[in-house]
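Visitor: What follows is model.cif, mmCIF, C-alpha atoms and all ligand atoms.
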```cif
data_start
loop_
_atom_site.label_atom_id
_atom_site.label_comp_id
_atom_site.auth_asym_id
_atom_site.auth_seq_id
_atom_site.Cartn_x
_atom_site.Cartn_y
_atom_site.Cartn_z
CA MET A 212 -26.45 -27.48 25.03
CA ASP A 213 -28.06 -25.39 22.25
CA SER A 214 -26.24 -26.81 19.23
CA GLU A 215 -26.89 -23.86 16.92
CA LEU A 216 -25.53 -21.45 19.52
CA SER A 217 -22.64 -23.74 20.22
CA THR A 218 -21.73 -23.77 16.50
CA LEU A 219 -21.86 -19.98 16.37
CA VAL A 220 -19.63 -19.63 19.44
CA ALA A 221 -17.13 -22.11 18.00
CA ASP A 222 -17.12 -20.18 14.69
CA VAL A 223 -16.44 -16.84 16.39
CA PHE A 224 -13.45 -18.20 18.32
CA LEU A 225 -11.94 -19.83 15.27
CA ILE A 226 -12.49 -16.87 12.96
CA VAL A 227 -11.44 -14.10 15.34
CA LEU A 228 -8.72 -15.78 17.41
CA GLY A 229 -7.60 -18.51 15.02
CA ARG A 230 -8.09 -21.18 17.68
CA PRO A 231 -10.92 -23.34 18.99
CA ALA A 232 -12.83 -22.27 22.09
CA SER A 233 -11.84 -24.25 25.17
CA PRO A 234 -14.62 -26.40 26.69
CA THR A 235 -15.07 -23.86 29.50
CA GLU A 236 -15.24 -20.92 27.08
CA LEU A 237 -17.75 -22.79 24.96
CA ARG A 238 -19.89 -23.63 27.99
CA ASP A 239 -19.83 -20.05 29.35
CA GLU A 240 -20.52 -18.37 26.02
CA VAL A 241 -23.38 -20.69 25.17
CA ARG A 242 -24.82 -19.92 28.59
CA ALA A 243 -24.41 -16.16 27.98
CA GLY A 244 -25.98 -16.57 24.55
CA ASP A 245 -24.87 -13.15 23.26
CA ILE A 246 -22.93 -13.52 20.00
CA PRO A 247 -22.56 -9.78 19.18
CA THR A 248 -21.02 -9.14 22.61
CA LEU A 249 -18.73 -12.16 22.24
CA GLN A 250 -17.50 -10.83 18.88
CA LEU A 251 -16.85 -7.38 20.33
CA ARG A 252 -15.06 -8.82 23.36
CA LEU A 253 -12.81 -11.12 21.36
CA LEU A 254 -11.94 -8.41 18.84
CA SER A 255 -11.03 -6.09 21.73
CA SER A 256 -8.94 -8.68 23.55
CA PRO A 257 -5.13 -8.51 23.83
CA GLU A 258 -5.12 -11.99 22.29
CA PHE A 259 -6.66 -10.61 19.11
CA GLY A 260 -3.93 -7.92 19.14
CA THR A 261 -1.38 -10.71 18.73
CA VAL A 262 -3.47 -12.42 16.06
CA ARG A 263 -3.81 -9.18 14.11
CA ALA A 264 -0.06 -8.54 14.31
CA ALA A 265 0.56 -12.04 12.96
CA TRP A 266 -1.82 -11.48 10.02
CA ALA A 267 -0.20 -8.10 9.33
CA GLY A 268 3.21 -9.80 9.26
CA ASP A 269 1.89 -12.42 6.83
CA LEU A 270 2.20 -15.10 9.49
CA SER A 271 -0.35 -17.58 10.76
CA PRO A 272 -1.75 -16.70 14.19
CA SER A 273 -1.63 -20.41 14.99
CA ALA A 274 1.35 -22.51 16.00
CA ASP A 275 -0.26 -25.21 13.84
CA PRO A 276 -1.27 -23.46 10.56
CA GLU A 277 -2.38 -26.70 8.91
CA GLY A 278 -4.49 -27.64 11.91
CA LEU A 279 -6.14 -24.21 11.79
CA GLU A 280 -6.92 -24.57 8.09
CA GLN A 281 -8.42 -28.02 8.67
CA ALA A 282 -10.53 -26.71 11.56
CA LEU A 283 -11.78 -23.84 9.38
CA GLU A 284 -12.66 -26.22 6.54
CA LYS A 285 -14.85 -28.21 8.92
CA ARG A 286 -17.02 -25.13 9.58
CA GLY A 287 -19.42 -25.86 6.70
CA ALA A 288 -19.58 -24.82 3.06
CA ALA A 289 -17.65 -21.91 1.54
CA GLN A 290 -20.53 -19.46 1.33
CA PRO A 291 -21.72 -19.63 4.96
CA PHE A 292 -18.08 -19.52 6.05
CA VAL A 293 -17.46 -16.28 4.14
CA ARG A 294 -20.71 -14.81 5.51
CA ARG A 295 -19.64 -15.68 9.08
CA ALA A 296 -16.19 -14.20 8.52
CA TYR A 297 -17.70 -10.91 7.29
CA ASP A 298 -20.04 -10.76 10.23
CA CYS A 299 -17.35 -11.53 12.83
CA LEU A 300 -14.59 -9.35 11.40
CA LEU A 301 -16.26 -6.51 9.52
CA GLY A 302 -19.45 -6.38 11.58
CA ARG A 303 -21.71 -6.45 8.52
CA PRO A 304 -23.33 -8.94 6.11
CA ALA A 305 -21.21 -9.87 3.12
CA ASP A 306 -22.12 -7.87 0.00
CA ALA A 307 -22.73 -9.74 -3.24
CA GLY A 308 -19.39 -8.72 -4.79
CA GLY A 309 -17.35 -9.70 -1.74
CA LEU A 310 -19.16 -12.98 -1.36
CA GLN A 311 -18.58 -13.86 -5.00
CA HIS A 312 -14.93 -12.86 -4.80
CA TYR A 313 -14.03 -14.94 -1.74
CA VAL A 314 -16.24 -17.95 -2.51
CA GLY A 315 -14.73 -18.00 -6.03
CA ALA A 316 -11.23 -17.83 -4.54
CA LEU A 317 -11.98 -20.75 -2.21
CA GLU A 318 -13.36 -22.78 -5.08
CA ARG A 319 -10.18 -22.14 -7.03
CA GLY A 320 -8.17 -23.57 -4.13
CA ASP A 321 -7.37 -20.58 -1.90
CA THR A 322 -7.26 -21.38 1.80
CA ARG A 323 -9.80 -20.23 4.36
CA THR A 324 -6.89 -18.89 6.36
CA SER A 325 -6.06 -16.53 3.47
CA VAL A 326 -9.66 -15.24 3.45
CA LEU A 327 -9.43 -14.36 7.14
CA ARG A 328 -6.08 -12.71 6.64
CA ALA A 329 -7.36 -10.64 3.70
CA LEU A 330 -10.29 -9.39 5.74
CA VAL A 331 -8.21 -8.50 8.81
CA VAL A 332 -5.56 -6.57 6.86
CA SER A 333 -8.16 -4.69 4.77
CA GLU A 334 -8.65 -0.92 5.04
CA GLU A 335 -12.28 -1.59 5.88
CA PHE A 336 -11.26 -3.66 8.89
CA ASP A 337 -8.94 -0.84 10.03
CA ALA A 338 -11.78 1.67 9.90
CA HIS A 339 -14.22 -0.73 11.55
CA TYR A 340 -11.72 -1.47 14.32
CA ARG A 341 -11.03 2.22 14.97
CA ALA A 342 -14.78 2.78 15.24
CA ILE A 343 -15.51 -0.10 17.62
CA ALA A 344 -12.38 0.00 19.80
CA PRO A 345 -10.82 3.48 19.66
CA GLN A 346 -9.21 3.25 23.12
CA ASN A 347 -8.00 -0.31 22.76
CA GLY A 348 -4.31 -0.92 23.41
CA VAL A 349 -3.64 2.54 24.85
CA ILE A 350 -1.57 1.67 27.90
CA PRO A 351 -1.43 4.41 30.57
CA ARG A 352 1.92 6.16 30.33
CA ASP A 353 3.87 8.42 32.63
CA THR A 354 3.96 11.97 31.24
CA GLN A 355 5.46 13.90 34.17
CA LEU A 356 7.97 16.55 33.08
CA CYS A 357 9.34 17.94 36.36
CA GLU A 358 10.69 15.00 38.32
CA LEU A 359 13.64 12.96 39.47
CA ALA A 360 15.13 10.77 36.70
CA ASN A 361 12.25 8.38 36.35
CA PRO A 362 12.50 4.70 35.31
CA ALA A 363 8.80 4.83 34.32
CA LYS A 364 9.78 6.77 31.21
CA TRP A 365 11.26 3.54 29.80
CA ASP A 366 7.63 2.36 29.54
CA ASN A 367 6.41 5.37 27.57
CA PRO A 368 6.45 4.60 23.80
CA GLU A 369 6.56 8.25 22.73
CA TRP A 370 9.50 8.91 25.05
CA LEU A 371 11.26 5.74 23.89
CA ASP A 372 10.90 6.84 20.25
CA LEU A 373 12.81 10.01 21.13
CA LEU A 374 15.45 8.01 23.01
CA ARG A 375 15.97 5.79 19.96
CA SER A 376 16.06 8.78 17.63
CA LEU A 377 19.12 9.95 19.59
CA GLY A 378 20.80 6.69 18.63
CA LEU A 379 20.60 5.40 22.22
CA SER A 380 19.70 1.94 23.46
CA ASP A 381 16.17 1.43 24.79
CA ASP A 382 17.27 -1.64 26.72
CA LYS A 383 16.25 -1.20 30.37
CA ILE A 384 19.53 -2.65 31.54
CA SER A 385 21.22 0.40 29.93
CA MET A 386 18.97 2.78 31.89
CA HIS A 387 21.14 5.78 32.75
CA ARG A 388 20.70 9.36 33.91
CA LYS A 389 22.45 10.79 30.85
CA PRO A 390 20.11 9.35 28.18
CA TYR A 391 17.26 10.24 30.55
CA GLU A 392 18.33 13.89 30.56
CA PHE A 393 18.68 14.12 26.78
CA THR A 394 15.36 12.39 26.11
CA GLN A 395 13.42 14.14 28.84
CA LEU A 396 14.68 17.49 27.54
CA LEU A 397 13.26 16.76 24.07
CA TYR A 398 10.09 15.17 25.42
CA GLY A 399 9.35 18.09 27.73
CA CYS A 400 10.12 20.82 25.20
CA ARG A 401 7.97 19.06 22.63
CA ARG A 402 5.03 18.57 24.99
CA LEU A 403 5.27 22.22 25.97
CA GLY A 404 5.09 23.21 22.29
CA ALA A 405 8.53 24.83 22.39
CA LEU A 406 10.31 22.54 19.96
CA GLY A 407 9.95 23.27 16.26
CA GLU A 408 11.67 24.43 13.08
CA LYS A 409 11.34 28.06 14.21
CA SER A 410 12.84 27.57 17.69
CA SER A 411 16.16 29.04 18.75
CA VAL A 412 17.97 27.19 21.51
CA ILE A 413 20.93 27.82 23.82
CA SER A 414 22.70 25.10 25.79
CA VAL A 415 24.80 26.14 28.77
CA GLY A 416 27.74 23.97 29.84
CA ALA A 417 27.03 22.03 26.65
CA GLY A 418 30.32 20.22 26.11
CA HIS A 419 29.67 18.10 23.02
CA GLU A 420 26.47 16.41 24.28
CA GLN A 421 24.78 14.43 21.52
CA VAL A 422 21.37 16.05 21.99
CA LEU A 423 22.88 19.20 20.39
CA TYR A 424 23.17 17.37 17.08
CA TRP A 425 19.60 16.08 17.33
CA LEU A 426 18.39 19.63 17.95
CA ALA A 427 20.39 20.89 14.97
CA ASN A 428 18.25 18.60 12.82
CA HIS A 429 14.97 19.85 14.28
CA VAL A 430 15.19 23.55 15.23
CA ARG A 431 16.20 26.81 13.54
CA HIS A 432 19.40 27.25 15.47
CA VAL A 433 21.27 25.87 18.46
CA VAL A 434 24.08 27.67 20.25
CA ALA A 435 26.24 25.40 22.39
CA THR A 436 28.11 27.36 25.06
CA ASP A 437 30.77 26.11 27.48
CA MET A 438 34.02 27.30 29.04
CA TYR A 439 35.85 24.61 27.08
CA GLU A 440 38.83 24.90 29.45
CA GLY A 441 40.16 23.58 32.75
CA VAL A 442 39.62 20.14 34.26
CA TRP A 443 36.76 19.20 31.94
CA GLN A 444 39.25 18.82 29.09
CA SER A 445 40.59 15.66 30.69
CA VAL A 446 38.18 14.27 33.33
CA GLN A 447 35.13 12.00 32.84
CA GLY A 448 34.00 12.04 29.19
CA GLN A 449 36.21 15.07 28.37
CA GLU A 450 33.02 17.08 27.97
CA GLY A 451 34.96 20.36 27.98
CA ASP A 452 37.12 19.35 25.01
CA PRO A 453 37.70 22.62 23.07
CA GLY A 454 38.27 20.64 19.86
CA VAL A 455 34.51 20.60 19.33
CA MET A 456 34.55 24.36 18.60
CA HIS A 457 36.85 23.80 15.61
CA ARG A 458 35.68 20.43 14.29
CA PRO A 459 32.13 19.81 15.63
CA GLU A 460 31.55 17.15 13.01
CA ASP A 461 34.20 14.96 14.65
CA TYR A 462 32.00 14.70 17.76
CA ALA A 463 28.67 14.16 15.96
CA PRO A 464 26.88 10.87 16.72
CA PHE A 465 25.00 11.05 13.39
CA ALA A 466 24.67 13.25 10.30
CA TYR A 467 23.41 16.73 11.18
CA ARG A 468 22.64 20.11 9.66
CA ARG A 469 25.96 21.87 10.21
CA ASP A 470 24.64 25.37 9.65
CA HIS A 471 22.09 24.91 12.46
CA LEU A 472 24.66 24.42 15.25
CA THR A 473 27.28 26.85 16.59
CA PHE A 474 29.75 26.22 19.41
CA MET A 475 30.94 29.19 21.50
CA LYS A 476 33.33 29.56 24.41
CA MET A 477 31.33 31.34 27.09
CA ASP A 478 30.84 31.45 30.86
CA GLY A 479 27.29 30.31 31.65
CA ARG A 480 27.06 32.93 34.40
CA ARG A 481 27.50 35.76 31.89
CA LEU A 482 25.93 34.88 28.58
CA ALA A 483 26.95 37.18 25.73
CA PHE A 484 23.47 37.50 24.24
CA ARG A 485 20.80 40.16 24.30
CA ASP A 486 17.74 39.84 26.52
CA GLY A 487 14.91 37.79 25.02
CA THR A 488 16.94 36.00 22.31
CA PHE A 489 15.97 32.32 22.74
CA ASP A 490 12.86 30.12 22.86
CA ILE A 491 14.63 27.45 24.91
CA ALA A 492 17.58 27.73 27.30
CA TYR A 493 18.77 24.50 28.85
CA SER A 494 21.59 23.05 30.87
CA LEU A 495 22.19 19.38 31.61
CA SER A 496 24.35 18.20 34.51
CA SER A 497 26.51 21.28 34.40
CA ILE A 498 25.49 24.14 36.68
CA GLU A 499 26.45 22.24 39.83
CA HIS A 500 30.05 22.82 38.65
CA PHE A 501 29.71 26.60 38.17
CA GLY A 502 30.74 27.73 41.66
CA GLY A 503 28.28 26.30 44.17
CA LEU A 504 24.76 27.53 44.72
CA SER A 505 25.64 31.17 44.03
CA GLY A 506 27.25 30.31 40.66
CA ALA A 507 24.26 28.19 39.75
CA ILE A 508 21.81 30.96 40.70
CA GLU A 509 23.77 33.50 38.61
CA THR A 510 23.51 31.09 35.68
CA VAL A 511 19.78 30.45 36.03
CA ARG A 512 19.17 34.20 36.19
CA ASP A 513 21.20 34.84 33.06
CA MET A 514 19.55 31.96 31.22
CA THR A 515 16.20 33.54 32.15
CA ARG A 516 17.36 36.92 30.87
CA VAL A 517 18.22 35.58 27.41
CA LEU A 518 14.84 33.80 27.11
CA LYS A 519 11.92 35.35 25.28
CA PRO A 520 8.83 35.86 27.45
CA GLY A 521 7.02 32.51 27.45
CA GLY A 522 10.30 30.72 26.66
CA ILE A 523 11.29 27.48 28.39
CA LEU A 524 14.20 27.00 30.76
CA ALA A 525 15.04 23.30 31.18
CA LEU A 526 17.43 22.28 33.87
CA ALA A 527 18.95 18.99 34.98
CA THR A 528 21.23 18.88 37.99
CA GLU A 529 22.30 16.75 40.98
CA TYR A 530 19.63 16.31 43.68
CA VAL A 531 20.48 14.73 47.03
CA LEU A 532 18.11 12.00 48.17
CA ASP A 533 19.92 11.14 51.36
CA GLY A 534 23.05 11.92 53.33
CA PRO A 535 25.28 14.90 54.04
CA ARG A 536 26.17 17.83 51.82
CA HIS A 537 28.63 17.00 49.09
CA GLU A 538 30.25 19.41 46.71
CA GLU A 539 28.66 19.71 43.27
CA THR A 540 25.30 18.36 44.43
CA PHE A 541 22.28 20.26 45.76
CA GLN A 542 20.27 19.47 48.85
CA PRO A 543 16.50 19.74 48.20
CA GLU A 544 16.25 23.14 49.93
CA GLU A 545 19.18 24.47 47.88
CA PHE A 546 17.56 23.30 44.68
CA ASP A 547 14.28 24.98 45.69
CA GLU A 548 16.22 28.22 46.22
CA LEU A 549 17.92 27.81 42.83
CA ILE A 550 14.70 27.67 40.84
CA ARG A 551 12.73 30.18 42.91
CA GLN A 552 13.69 33.16 40.75
CA PRO A 553 11.84 36.27 39.60
CA ASP A 554 10.31 35.87 36.11
CA LEU A 555 10.35 32.06 36.30
CA GLU A 556 7.56 29.64 37.09
CA LEU A 557 7.55 25.85 37.13
CA VAL A 558 5.31 24.34 34.44
CA GLU A 559 4.09 21.84 37.07
CA SER A 560 5.05 20.74 40.56
CA ILE A 561 8.11 18.50 40.87
CA ASP A 562 7.68 14.79 41.56
CA VAL A 563 10.49 14.27 44.07
CA GLY A 564 9.00 11.01 45.36
CA VAL A 565 10.14 8.82 42.45
CA PHE A 566 12.69 6.79 44.37
CA GLY A 567 10.38 6.34 47.33
CA ARG A 568 8.52 3.86 45.13
CA TYR A 569 11.47 2.02 43.55
CA ASP A 570 13.66 -0.68 44.94
CA CYS A 571 16.94 0.39 43.41
CA ALA A 572 20.71 0.06 43.93
CA ALA A 573 22.71 3.31 44.22
CA VAL A 574 25.82 2.99 42.05
CA ASP A 575 28.92 3.78 44.10
CA LEU A 576 30.81 6.29 41.95
CA TYR A 577 34.02 5.85 43.94
CA LYS A 578 33.99 2.10 43.50
CA ASN A 579 32.84 1.66 39.86
CA PRO A 580 31.00 4.45 38.02
CA TYR A 581 30.45 2.30 34.92
CA GLN A 582 27.72 0.08 36.36
CA SER A 583 24.23 0.17 34.93
CA PRO A 584 21.35 0.76 35.38
CA HIS A 585 22.69 4.08 36.59
CA MET A 586 19.82 6.15 37.93
CA VAL A 587 20.73 6.69 41.57
CA VAL A 588 24.36 7.14 42.57
CA ARG A 589 26.37 7.72 45.72
CA MET A 590 29.61 9.42 46.70
CA GLY A 591 30.39 8.20 50.19
CA ASP A 592 27.21 8.64 52.25
CA THR A 593 25.64 11.15 49.88
CA VAL A 594 23.04 9.49 47.65
CA PHE A 595 21.76 11.53 44.73
CA THR A 596 20.11 11.47 41.32
CA THR A 597 19.12 13.86 38.53
CA VAL A 598 16.32 16.34 39.00
CA MET A 599 14.83 17.67 35.78
CA VAL A 600 12.62 20.75 35.69
CA PHE A 601 10.95 22.91 33.06
CA LEU A 602 10.26 26.54 33.93
CA ARG A 603 8.52 29.18 31.89
CA ARG A 604 9.75 32.74 31.67
CA VAL A 605 6.78 34.92 32.62
C1 LIG B 701 29.59 17.31 33.40
S1 LIG B 701 29.92 18.31 32.02
C2 LIG B 701 28.38 18.23 31.19
C3 LIG B 701 28.48 18.51 29.73
C4 LIG B 701 27.17 18.28 28.94
N1 LIG B 701 26.11 19.11 29.40
C5 LIG B 701 26.76 16.84 28.96
O1 LIG B 701 25.71 16.54 29.55
O2 LIG B 701 27.46 15.97 28.40
C6 LIG B 701 29.99 19.93 32.68
C7 LIG B 701 30.38 20.98 31.65
O3 LIG B 701 30.28 22.28 32.25
C8 LIG B 701 31.31 23.10 31.69
N2 LIG B 701 31.51 24.26 32.57
C9 LIG B 701 32.09 24.30 33.80
N3 LIG B 701 32.01 25.56 34.29
C10 LIG B 701 31.38 26.31 33.38
C11 LIG B 701 30.95 27.67 33.31
N4 LIG B 701 31.20 28.55 34.31
N5 LIG B 701 30.31 28.10 32.22
C12 LIG B 701 30.02 27.24 31.20
N6 LIG B 701 30.38 25.94 31.21
C13 LIG B 701 31.06 25.49 32.27
C14 LIG B 701 32.49 22.15 31.60
O4 LIG B 701 33.46 22.60 30.68
C15 LIG B 701 31.80 20.85 31.14
O5 LIG B 701 31.78 20.76 29.73
#
```
Just give me the structure of the file as structure tokens.

Guide:
Amino acid sequence: MDSELSTLVADVFLIVLGRPASPTELRDEVRAGDIPTLQLRLLSSPEFGTVRAAWAGDLSPSADPEGLEQALEKRGAAQPFVRRAYDCLLGRPADAGGLQHYVGALERGDTRTSVLRALVVSEEFDAHYRAIAPQNGVIPRDTQLCELANPAKWDNPEWLDLLRSLGLSDDKISMHRKPYEFTQLLYGCRRLGALGEKSSVISVGAGHEQVLYWLANHVRHVVATDMYEGVWQSVQGQEGDPGVMHRPEDYAPFAYRRDHLTFMKMDGRRLAFRDGTFDIAYSLSSIEHFGGLSGAIETVRDMTRVLKPGGILALATEYVLDGPRHEETFQPEEFDELIRQPDLELVESIDVGVFGRYDCAAVDLYKNPYQSPHMVVRMGDTVFTTVMVFLRRV
């Protein structure tokens, strides 16, 4: 085996990954004989991602920090070691100032481990890394907006950030249609460019849903409308509790801008606003309770009317996957009829195949509605989930 090459390969592993090369790695890399490619490959590896995170957290990347330091000390004198570290990590020869600085530090008793750490956490390394591996670590993520409540969103970091910002758990075992609806609403409106400090928003059948308070902190104004009467004052989560109109702060999940949120008693089928008032009109898990398909269609039409041209209508409702008709759910053909309205167009086609690719238990709402994950549910033989769509007013 070429001993000079073998030394170089061993150096690269130790400096970049903080561990010795295995005998097989050493053999294969000596045979390949391409040190620049080895450096690039190791720096781009997921293993280096862990090493870098450890350095950034001021931790050793090795389970045996002393062993690592001893191994590094065996790699020759201070000056060649610093030169090798520059070459491996910064992709350039050490300049005179840098060399003097680090060799001096080693002579004064600093560890070789601390030299590696200093180089990896430097701004220069950041810039070098962005230049050599700009796509590294970008995991493909599901970005579909119009779809059935989709477990894949719990793997999308941007989506999860929004979920957390609502004060909700990102634990997959807590996966539930309600947090999905809130988060998907924000994610979709943001991706469509509709969410901003200048946006005006209306929620229909709003109850006291927590996303209202989030919106109050991020848009110009939110109007929450609901009948706030009848059965919804006592059933389920008492979403129709009229108390929220008088003391909205008592229902807030976190601090919010009070002057950005107004609650109003209003029938969603006849909104008391002028045409073209809002940038976003949305309704989450409500319109299925507004008097069957005809009540829901009336509501969608009036939500469209109060939208500005180009505004976004976001809708979440109950979508039957299997089984007979059941009140307050929509069969696929009924849902298609609901959203096929003049002046409205889907921003993309709807992914209704989500649960064809998941092995998933439908929570029996009659038996125990509190089970989670809670993405697909059943009432008797009717199995359903949430469908979420974004439509643009043309
Ligand atoms: C299941 S709750 C959903 C509330 C809220 N969107 C949420 O996700 O927590 C349904 C809501 O629709 C309201 N509602 C029922 N009929 C309505 C109508 N015709 N107009 C407006 N709201 C209505 C009820 O008062 C109740 O608050």

Visitor: So what do you get for CA of Ala483 (chain A) versus CA of Val517 (chain A), distance-wise?

Guide: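 CA of Val517 (chain A) lies at a distance of 9.0 Å from CA of Ala483 (chain A).
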
Visitor: Would you name the residues within 10 Å of ligand LIG 701 (chain B), counting all atoms listed in the file, and put them as JSON, numbers by chain?

Guide: {"A": [388, 389, 390, 392, 393, 414, 415, 416, 417, 418, 419, 420, 421, 422, 423, 435, 436, 437, 438, 439, 440, 441, 442, 443, 444, 445, 446, 447, 448, 449, 450, 451, 452, 453, 475, 476, 477, 478, 479, 480, 481, 482, 493, 494, 495, 496, 497, 498, 499, 500, 501, 502, 506, 507, 509, 510, 527, 528]}

Visitor: Could you write out as lines of an AutoDock Vina configuration file the box around region 315-323 of chain A (axis-aligned, all atoms listed in the file, 3 Å on each side), with centre and edge lengths in Å to one decimal?

Guide:
```
center_x = -11.0
center_y = -20.7
center_z = -1.3
size_x = 13.5
size_y = 11.7
size_z = 17.4
```

Visitor: Record the distance separating CA of Asp366 (chain A) and CA of Asp353 (chain A), expressed in Å with one decimal.

Guide: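 Interatomic distance here is 7.8 Å.
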
Visitor: Between CA of Thr218 (chain A) and CA of Glu318 (chain A), what is the spacing in Å?

Guide: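 Atom-to-atom, CA of Glu318 (chain A) and CA of Thr218 (chain A) are spaced 23.2 Å apart.
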
Visitor: Taking the point (8.2, 29.8, 15.4) as given in the file, collect each protein or nucleic acid residue that comes within 12 Å of it, counting all atoms listed in the file, and present the set as a ChimeraX atom specification.

Guide: /A:404-412,430-432,489-491,519,522
